[in-house]
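Enquirer: Below is the file entry.csv, with CSV, C-alpha atoms and all ligand atoms.
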chain,number,residue,atom,x,y,z
F,55,VAL,CA,0.0,0.0,0.0
F,56,GLY,CA,2.8,2.4,0.9
F,57,GLN,CA,4.5,1.8,-2.4
F,58,ARG,CA,1.5,3.5,-4.1
F,59,SER,CA,0.4,5.9,-1.3
F,60,LEU,CA,3.8,7.6,-0.9
F,61,PRO,CA,4.4,8.3,-4.6
F,62,ILE,CA,1.0,9.7,-5.1
F,63,TYR,CA,0.8,11.7,-1.7
F,64,PRO,CA,4.5,12.3,-1.0
F,65,VAL,CA,5.6,13.7,2.4
F,66,ILE,CA,8.3,15.7,0.7
F,67,LEU,CA,7.2,17.1,-2.6
F,68,LYS,CA,10.6,17.9,-4.0
F,69,CYS,CA,14.2,17.5,-2.9
F,70,PRO,CA,16.5,20.5,-3.3
F,71,PHE,CA,20.1,19.8,-4.2
F,72,GLN,CA,22.9,22.3,-4.5
F,73,VAL,CA,25.3,21.6,-7.3
F,74,GLN,CA,28.9,21.1,-6.1
F,75,GLN,CA,30.6,21.5,-9.5
F,76,ASP,CA,29.8,22.3,-13.1
F,77,ASP,CA,28.3,19.2,-14.6
F,78,VAL,CA,25.6,17.7,-16.8
F,79,ILE,CA,22.6,15.6,-15.6
F,80,PRO,CA,22.0,12.8,-18.1
F,81,LEU,CA,18.3,12.2,-18.8
F,82,HIS,CA,17.1,8.6,-18.7
F,83,PHE,CA,14.2,9.6,-21.1
F,84,PRO,CA,15.3,12.3,-23.6
F,85,VAL,CA,12.8,15.1,-24.2
F,86,LYS,CA,12.1,17.3,-27.2
F,87,SER,CA,13.2,20.9,-27.1
F,88,ALA,CA,10.4,23.6,-27.1
F,89,ASP,CA,10.7,24.1,-30.9
F,90,GLY,CA,10.6,20.3,-31.4
F,91,LYS,CA,13.8,20.3,-33.4
F,92,ARG,CA,16.3,18.9,-30.9
F,93,LEU,CA,16.3,15.9,-28.6
F,94,ILE,CA,17.7,16.9,-25.2
F,95,ARG,CA,19.7,14.1,-23.6
F,96,GLU,CA,21.3,16.0,-20.7
F,97,VAL,CA,20.9,19.2,-18.7
F,98,PRO,CA,23.9,21.3,-17.9
F,99,VAL,CA,24.1,22.6,-14.3
F,100,SER,CA,26.5,25.1,-12.7
F,101,LYS,CA,28.3,25.1,-9.4
F,102,GLY,CA,26.1,26.7,-6.7
F,103,GLN,CA,22.9,26.3,-8.6
F,104,VAL,CA,20.0,24.7,-6.6
F,105,ILE,CA,17.9,22.1,-8.5
F,106,HIS,CA,14.7,20.6,-7.4
F,107,ILE,CA,13.7,17.0,-8.3
F,108,PRO,CA,9.9,16.7,-8.1
F,109,SER,CA,9.2,13.4,-6.3
F,110,ARG,CA,5.6,12.9,-7.4
F,111,THR,CA,6.4,13.6,-11.0
F,112,VAL,CA,9.3,11.1,-11.0
F,113,ASP,CA,7.2,8.4,-9.2
F,114,CYS,CA,4.1,8.8,-11.3
F,115,LEU,CA,5.7,8.7,-14.8
F,116,ARG,CA,3.2,7.1,-17.0
F,117,ASN,CA,5.9,5.7,-19.3
F,118,VAL,CA,7.3,3.8,-16.3
F,119,TRP,CA,4.4,3.0,-14.0
F,120,GLY,CA,1.6,2.8,-16.7
F,121,GLU,CA,-1.4,4.8,-17.5
F,122,ASP,CA,-2.8,4.5,-14.0
F,123,ALA,CA,0.4,5.8,-12.4
F,124,GLY,CA,-1.3,8.7,-10.7
F,125,ILE,CA,-4.2,6.6,-9.3
F,126,PHE,CA,-4.0,4.9,-5.9
F,127,ASN,CA,-4.2,1.3,-7.0
F,128,PRO,CA,-2.1,-1.1,-4.8
F,129,GLU,CA,-3.6,-4.1,-6.5
F,130,ARG,CA,-1.4,-3.3,-9.4
F,131,PHE,CA,1.4,-5.2,-7.7
F,132,LEU,CA,-0.7,-8.4,-8.0
F,133,ASP,CA,-0.2,-8.2,-11.8
F,134,PRO,CA,3.4,-8.8,-12.9
F,135,ALA,CA,2.6,-7.2,-16.3
F,136,LYS,CA,2.0,-3.9,-14.5
F,137,MET,CA,5.4,-3.8,-12.9
F,138,PRO,CA,7.8,-1.2,-14.4
F,139,ILE,CA,10.6,-2.5,-16.7
F,140,SER,CA,13.8,-3.2,-14.9
F,141,GLY,CA,16.2,-0.2,-15.1
F,142,HIS,CA,13.4,2.3,-15.8
F,143,THR,CA,12.9,3.2,-12.2
F,144,THR,CA,15.1,5.2,-9.8
F,145,SER,CA,17.5,3.3,-7.4
F,146,GLY,CA,15.5,4.4,-4.4
F,147,TRP,CA,13.3,2.3,-2.2
F,148,GLY,CA,10.9,0.2,-4.3
F,149,GLY,CA,12.2,1.9,-7.4
F,150,LEU,CA,10.7,5.2,-6.1
F,151,PHE,CA,12.1,8.6,-5.4
F,152,CYS,CA,10.0,9.5,-2.3
F,153,PHE,CA,12.9,8.8,0.0
F,154,SER,CA,15.4,10.2,-2.5
F,155,GLU,CA,18.2,7.9,-3.7
F,156,GLY,CA,22.0,7.7,-3.5
F,157,PRO,CA,24.3,8.2,-0.5
F,158,ARG,CA,22.0,10.8,1.1
F,159,MET,CA,18.8,8.8,0.8
F,160,CYS,CA,16.6,8.9,3.8
F,161,VAL,CA,18.2,6.8,6.6
F,162,GLY,CA,14.8,6.3,8.4
F,163,PHE,CA,12.8,4.7,5.6
F,164,ARG,CA,12.8,1.3,7.3
F,165,LEU,CA,11.7,2.8,10.6
F,166,GLY,CA,9.1,4.8,8.8
F,167,LYS,CA,7.8,1.6,7.3
F,168,LEU,CA,7.9,-0.2,10.6
F,169,CYS,CA,6.0,2.6,12.4
F,170,ARG,CA,3.5,2.6,9.5
F,171,LEU,CA,4.1,6.2,8.8
F,172,PHE,CA,2.9,5.5,5.3
F,201,LIG,C1,7.3,8.6,5.5
F,201,LIG,C2,8.4,8.9,6.2
F,201,LIG,C3,9.6,9.6,5.6
F,201,LIG,C4,9.9,10.1,4.3
F,201,LIG,C5,8.9,10.2,3.1
F,201,LIG,C6,11.2,10.6,4.3
F,201,LIG,C7,11.8,11.2,3.2
F,201,LIG,C8,13.1,11.7,3.3
F,201,LIG,C9,13.8,12.4,2.2
F,201,LIG,C10,13.1,12.7,0.8
F,201,LIG,C11,15.0,12.8,2.5
F,201,LIG,C12,16.0,13.6,1.7
F,201,LIG,C13,17.2,12.7,1.2
F,201,LIG,C14,18.1,13.5,0.4
F,201,LIG,O1,18.6,14.6,0.8
F,201,LIG,O2,18.5,13.1,-0.8
F,201,LIG,C15,15.2,12.3,3.9
F,201,LIG,C16,16.3,12.4,4.6
F,201,LIG,C17,16.5,12.0,5.9
F,201,LIG,N1,15.6,11.3,6.7
F,201,LIG,FE1,13.7,10.8,6.1
F,201,LIG,N2,11.8,10.3,5.6
F,201,LIG,C18,10.9,9.7,6.3
F,201,LIG,C19,11.0,9.2,7.6
F,201,LIG,C20,12.2,9.3,8.3
F,201,LIG,C21,12.4,8.8,9.7
F,201,LIG,C22,11.3,8.0,10.5
F,201,LIG,C23,13.7,9.1,10.0
F,201,LIG,C24,14.4,8.8,11.3
F,201,LIG,C25,14.0,8.2,12.3
F,201,LIG,C26,14.3,9.8,8.9
F,201,LIG,C27,15.5,10.3,8.9
F,201,LIG,C28,16.1,11.0,7.9
F,201,LIG,C29,17.5,11.6,7.9
F,201,LIG,C30,18.5,11.5,9.1
F,201,LIG,C31,17.7,12.2,6.7
F,201,LIG,C32,19.0,12.9,6.2
F,201,LIG,C33,19.9,11.9,5.5
F,201,LIG,C34,21.2,12.6,5.0
F,201,LIG,O3,21.2,13.7,4.7
F,201,LIG,O4,22.2,11.8,4.9
F,201,LIG,N3,13.3,9.9,7.9
F,201,LIG,N4,14.0,11.7,4.3
Would you encode the structure as structure tokens?
Expert:
Amino acid sequence: VGQRSLPIYPVILKCPFQVQQDDVIPLHFPVKSADGKRLIREVPVSKGQVIHIPSRTVDCLRNVWGEDAGIFNPERFLDPAKMPISGHTTSGWGGLFCFSEGPRMCVGFRLGKLCRLF
């Protein structure tokens, strides 16, 4: 249940990160530029810049979680065909971004689960 309630009703809407050095963020799913002429595969970022990663958007991508991604439907896990393709999700808990991911990922997610915070 938590694996669908948290993505749809996240506790933390977006995670701000401050960029430590000039870099580029590769996009897992390239997007078209506003004029539709270019395919954008990475986003350049500068040192000191603050970027926000929107948790709900990431966890409710329809091309990853299916057409009902934004609908609370925990039964989806009963159908293996409705599971996201391996490698298309984030590396966070359950393939989700609601606890962030990487070395600064929430350290209390197991306790949160144990206490039924979600
Ligand atoms: C539903 C419950 C919870 C949610 C959705 C949540 C979510 C998050 C998120 C999104 C972050 C940011 C990670 C980042 O900066 O990349 C975070 C960090 C953190 N959380 Fe949680 N959290 C929850 C419960 C808890 C609990 C119960 C504890 C401790 C008892 C906890 C302890 C922490 C700590 C210490 C950090 C900082 C980790 C670091 O910066 O290295 N969280 N949490």
Enquirer: Could you give me the residues within 6 Å of ligand LIG 201 (chain F), counting only C-alpha atoms and all ligand atoms, as a ChimeraX atom specification?
Expert: /F:65-66,152-155,158-163,165-166,171-172
Enquirer: Please provide the set of residues having any atom within 6 Å of F:Leu81, restricted to all atoms listed in the file, with same-chain residues fewer than 3 positions apart removed, written as a PyMOL selection string.
Expert: chain F and resi 84+95-96
Enquirer: Find the spatial neighbours of F:Gly120, counting all atoms listed in the file, within a cut-off of 10 Å - ignore same-chain residues fewer than 5 positions away - and output them as a list of chain:residue names.
Expert: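 The filter keeps F:Cys114, F:Leu115, F:Arg130, F:Lys136, F:Met137, F:Pro138.
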Enquirer: In Å, how far is it from atom CA of F:His82 to atom CA of F:Asn117?
Expert: 11.6 Å
Enquirer: (9.3, 18.6, -10.2) in this file's frame - what residues fall within 12 Å of it? Use only C-alpha atoms and give the answer as a list in words.
Expert: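 Those within range, by chain then number, are Ile66, Leu67, Lys68, Cys69, Pro70, Ile105, His106, Ile107, Pro108, Ser109, Arg110, Thr111, Val112, Asp113, Cys114, Leu115 and Phe151 of chain F.
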Enquirer: Determine, counting all atoms listed in the file, every residue of protein, DNA or RNA that lies within 10 Å of (-0.8, 3.1, -8.3) in the file coordinates, then give the result as a count of residues only.
Expert: 24
Enquirer: Show me, as JSON, numbers by chain, the residues that have an atom within 8 Å of F:Pro98 when counting all atoms listed in the file, minus same-chain residues fewer than 6 positions from it.
Expert: {"F": [76, 77, 78, 79]}
Enquirer: Set the distance at 8 Å and use all atoms listed in the file: which residues neighbour F:Val118 once local chain neighbours fewer than 6 positions away are removed? I'd like the list as a list in words.
Expert: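 Result of the neighbour search: Pro138, Ile139, His142 and Thr143 of chain F.
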Enquirer: In Å, with one decimal, what is the gap from atom CA of F:Trp147 to atom CA of F:Pro64?
Expert: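 These atoms are spaced 13.4 Å apart.
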Enquirer: Could you model all heavy atoms for stretch 81-92 of chain F and present them as a compact mmCIF listing (two decimals), in the frame of the given file?
Expert:
# COMPACT_ATOMS: atom_id res chain seq x y z
N LEU F 81 19.70 12.54 -18.96
CA LEU F 81 18.30 12.20 -18.80
C LEU F 81 18.04 10.77 -19.27
O LEU F 81 18.47 10.36 -20.35
CB LEU F 81 17.45 13.15 -19.73
CG LEU F 81 17.53 14.64 -19.41
CD1 LEU F 81 16.61 15.43 -20.34
CD2 LEU F 81 17.19 14.93 -17.96
N HIS F 82 17.38 10.03 -18.40
CA HIS F 82 17.10 8.60 -18.70
C HIS F 82 16.12 8.58 -19.93
O HIS F 82 16.25 7.73 -20.81
CB HIS F 82 16.42 7.95 -17.53
CG HIS F 82 16.42 6.46 -17.61
ND1 HIS F 82 17.43 5.68 -17.11
CD2 HIS F 82 15.55 5.60 -18.19
CE1 HIS F 82 17.18 4.42 -17.35
NE2 HIS F 82 16.04 4.34 -18.01
N PHE F 83 15.15 9.52 -19.95
CA PHE F 83 14.20 9.60 -21.10
C PHE F 83 14.43 10.96 -21.74
O PHE F 83 14.02 12.00 -21.20
CB PHE F 83 12.76 9.49 -20.58
CG PHE F 83 12.49 8.20 -19.87
CD1 PHE F 83 12.29 8.18 -18.50
CD2 PHE F 83 12.44 6.99 -20.57
CE1 PHE F 83 12.05 6.98 -17.84
CE2 PHE F 83 12.20 5.81 -19.91
CZ PHE F 83 12.01 5.80 -18.55
N PRO F 84 15.10 11.01 -22.89
CA PRO F 84 15.30 12.30 -23.60
C PRO F 84 14.00 12.98 -23.88
O PRO F 84 12.99 12.32 -24.10
CB PRO F 84 16.05 11.86 -24.86
CG PRO F 84 16.62 10.53 -24.58
CD PRO F 84 15.68 9.88 -23.62
N VAL F 85 14.04 14.32 -23.89
CA VAL F 85 12.80 15.10 -24.20
C VAL F 85 13.09 16.00 -25.40
O VAL F 85 14.24 16.36 -25.68
CB VAL F 85 12.38 15.97 -22.98
CG1 VAL F 85 11.85 15.12 -21.87
CG2 VAL F 85 13.51 16.85 -22.50
N LYS F 86 12.01 16.38 -26.08
CA LYS F 86 12.10 17.30 -27.20
C LYS F 86 12.28 18.71 -26.75
O LYS F 86 11.66 19.10 -25.75
CB LYS F 86 10.92 17.16 -28.14
CG LYS F 86 11.01 16.02 -29.12
CD LYS F 86 9.88 16.07 -30.10
CE LYS F 86 9.98 14.90 -31.07
NZ LYS F 86 8.76 14.65 -31.78
N SER F 87 13.08 19.51 -27.47
CA SER F 87 13.20 20.90 -27.10
C SER F 87 11.87 21.62 -27.46
O SER F 87 11.02 21.05 -28.15
CB SER F 87 14.32 21.57 -27.94
OG SER F 87 14.06 21.42 -29.33
N ALA F 88 11.69 22.87 -26.94
CA ALA F 88 10.40 23.60 -27.10
C ALA F 88 10.04 23.71 -28.58
O ALA F 88 8.85 23.61 -28.92
CB ALA F 88 10.51 24.95 -26.43
N ASP F 89 11.03 23.92 -29.43
CA ASP F 89 10.70 24.10 -30.90
C ASP F 89 10.57 22.70 -31.56
O ASP F 89 10.29 22.63 -32.76
CB ASP F 89 11.76 24.94 -31.57
CG ASP F 89 13.17 24.34 -31.47
OD1 ASP F 89 13.31 23.17 -31.05
OD2 ASP F 89 14.14 25.06 -31.81
N GLY F 90 10.79 21.62 -30.82
CA GLY F 90 10.60 20.30 -31.40
C GLY F 90 11.71 19.83 -32.32
O GLY F 90 11.61 18.76 -32.93
N LYS F 91 12.75 20.63 -32.43
CA LYS F 91 13.80 20.30 -33.40
C LYS F 91 14.93 19.47 -32.86
O LYS F 91 15.64 18.82 -33.59
CB LYS F 91 14.37 21.61 -34.01
CG LYS F 91 13.37 22.33 -34.91
CD LYS F 91 13.99 23.59 -35.47
CE LYS F 91 12.99 24.33 -36.34
NZ LYS F 91 13.41 25.68 -36.66
N ARG F 92 15.11 19.56 -31.54
CA ARG F 92 16.30 18.90 -30.90
C ARG F 92 15.78 17.86 -29.89
O ARG F 92 14.74 18.04 -29.27
CB ARG F 92 17.18 19.87 -30.23
CG ARG F 92 18.10 20.63 -31.15
CD ARG F 92 19.01 21.54 -30.37
NE ARG F 92 18.32 22.35 -29.37
CZ ARG F 92 18.61 22.33 -28.06
NH1 ARG F 92 19.57 21.57 -27.60
NH2 ARG F 92 17.96 23.12 -27.23
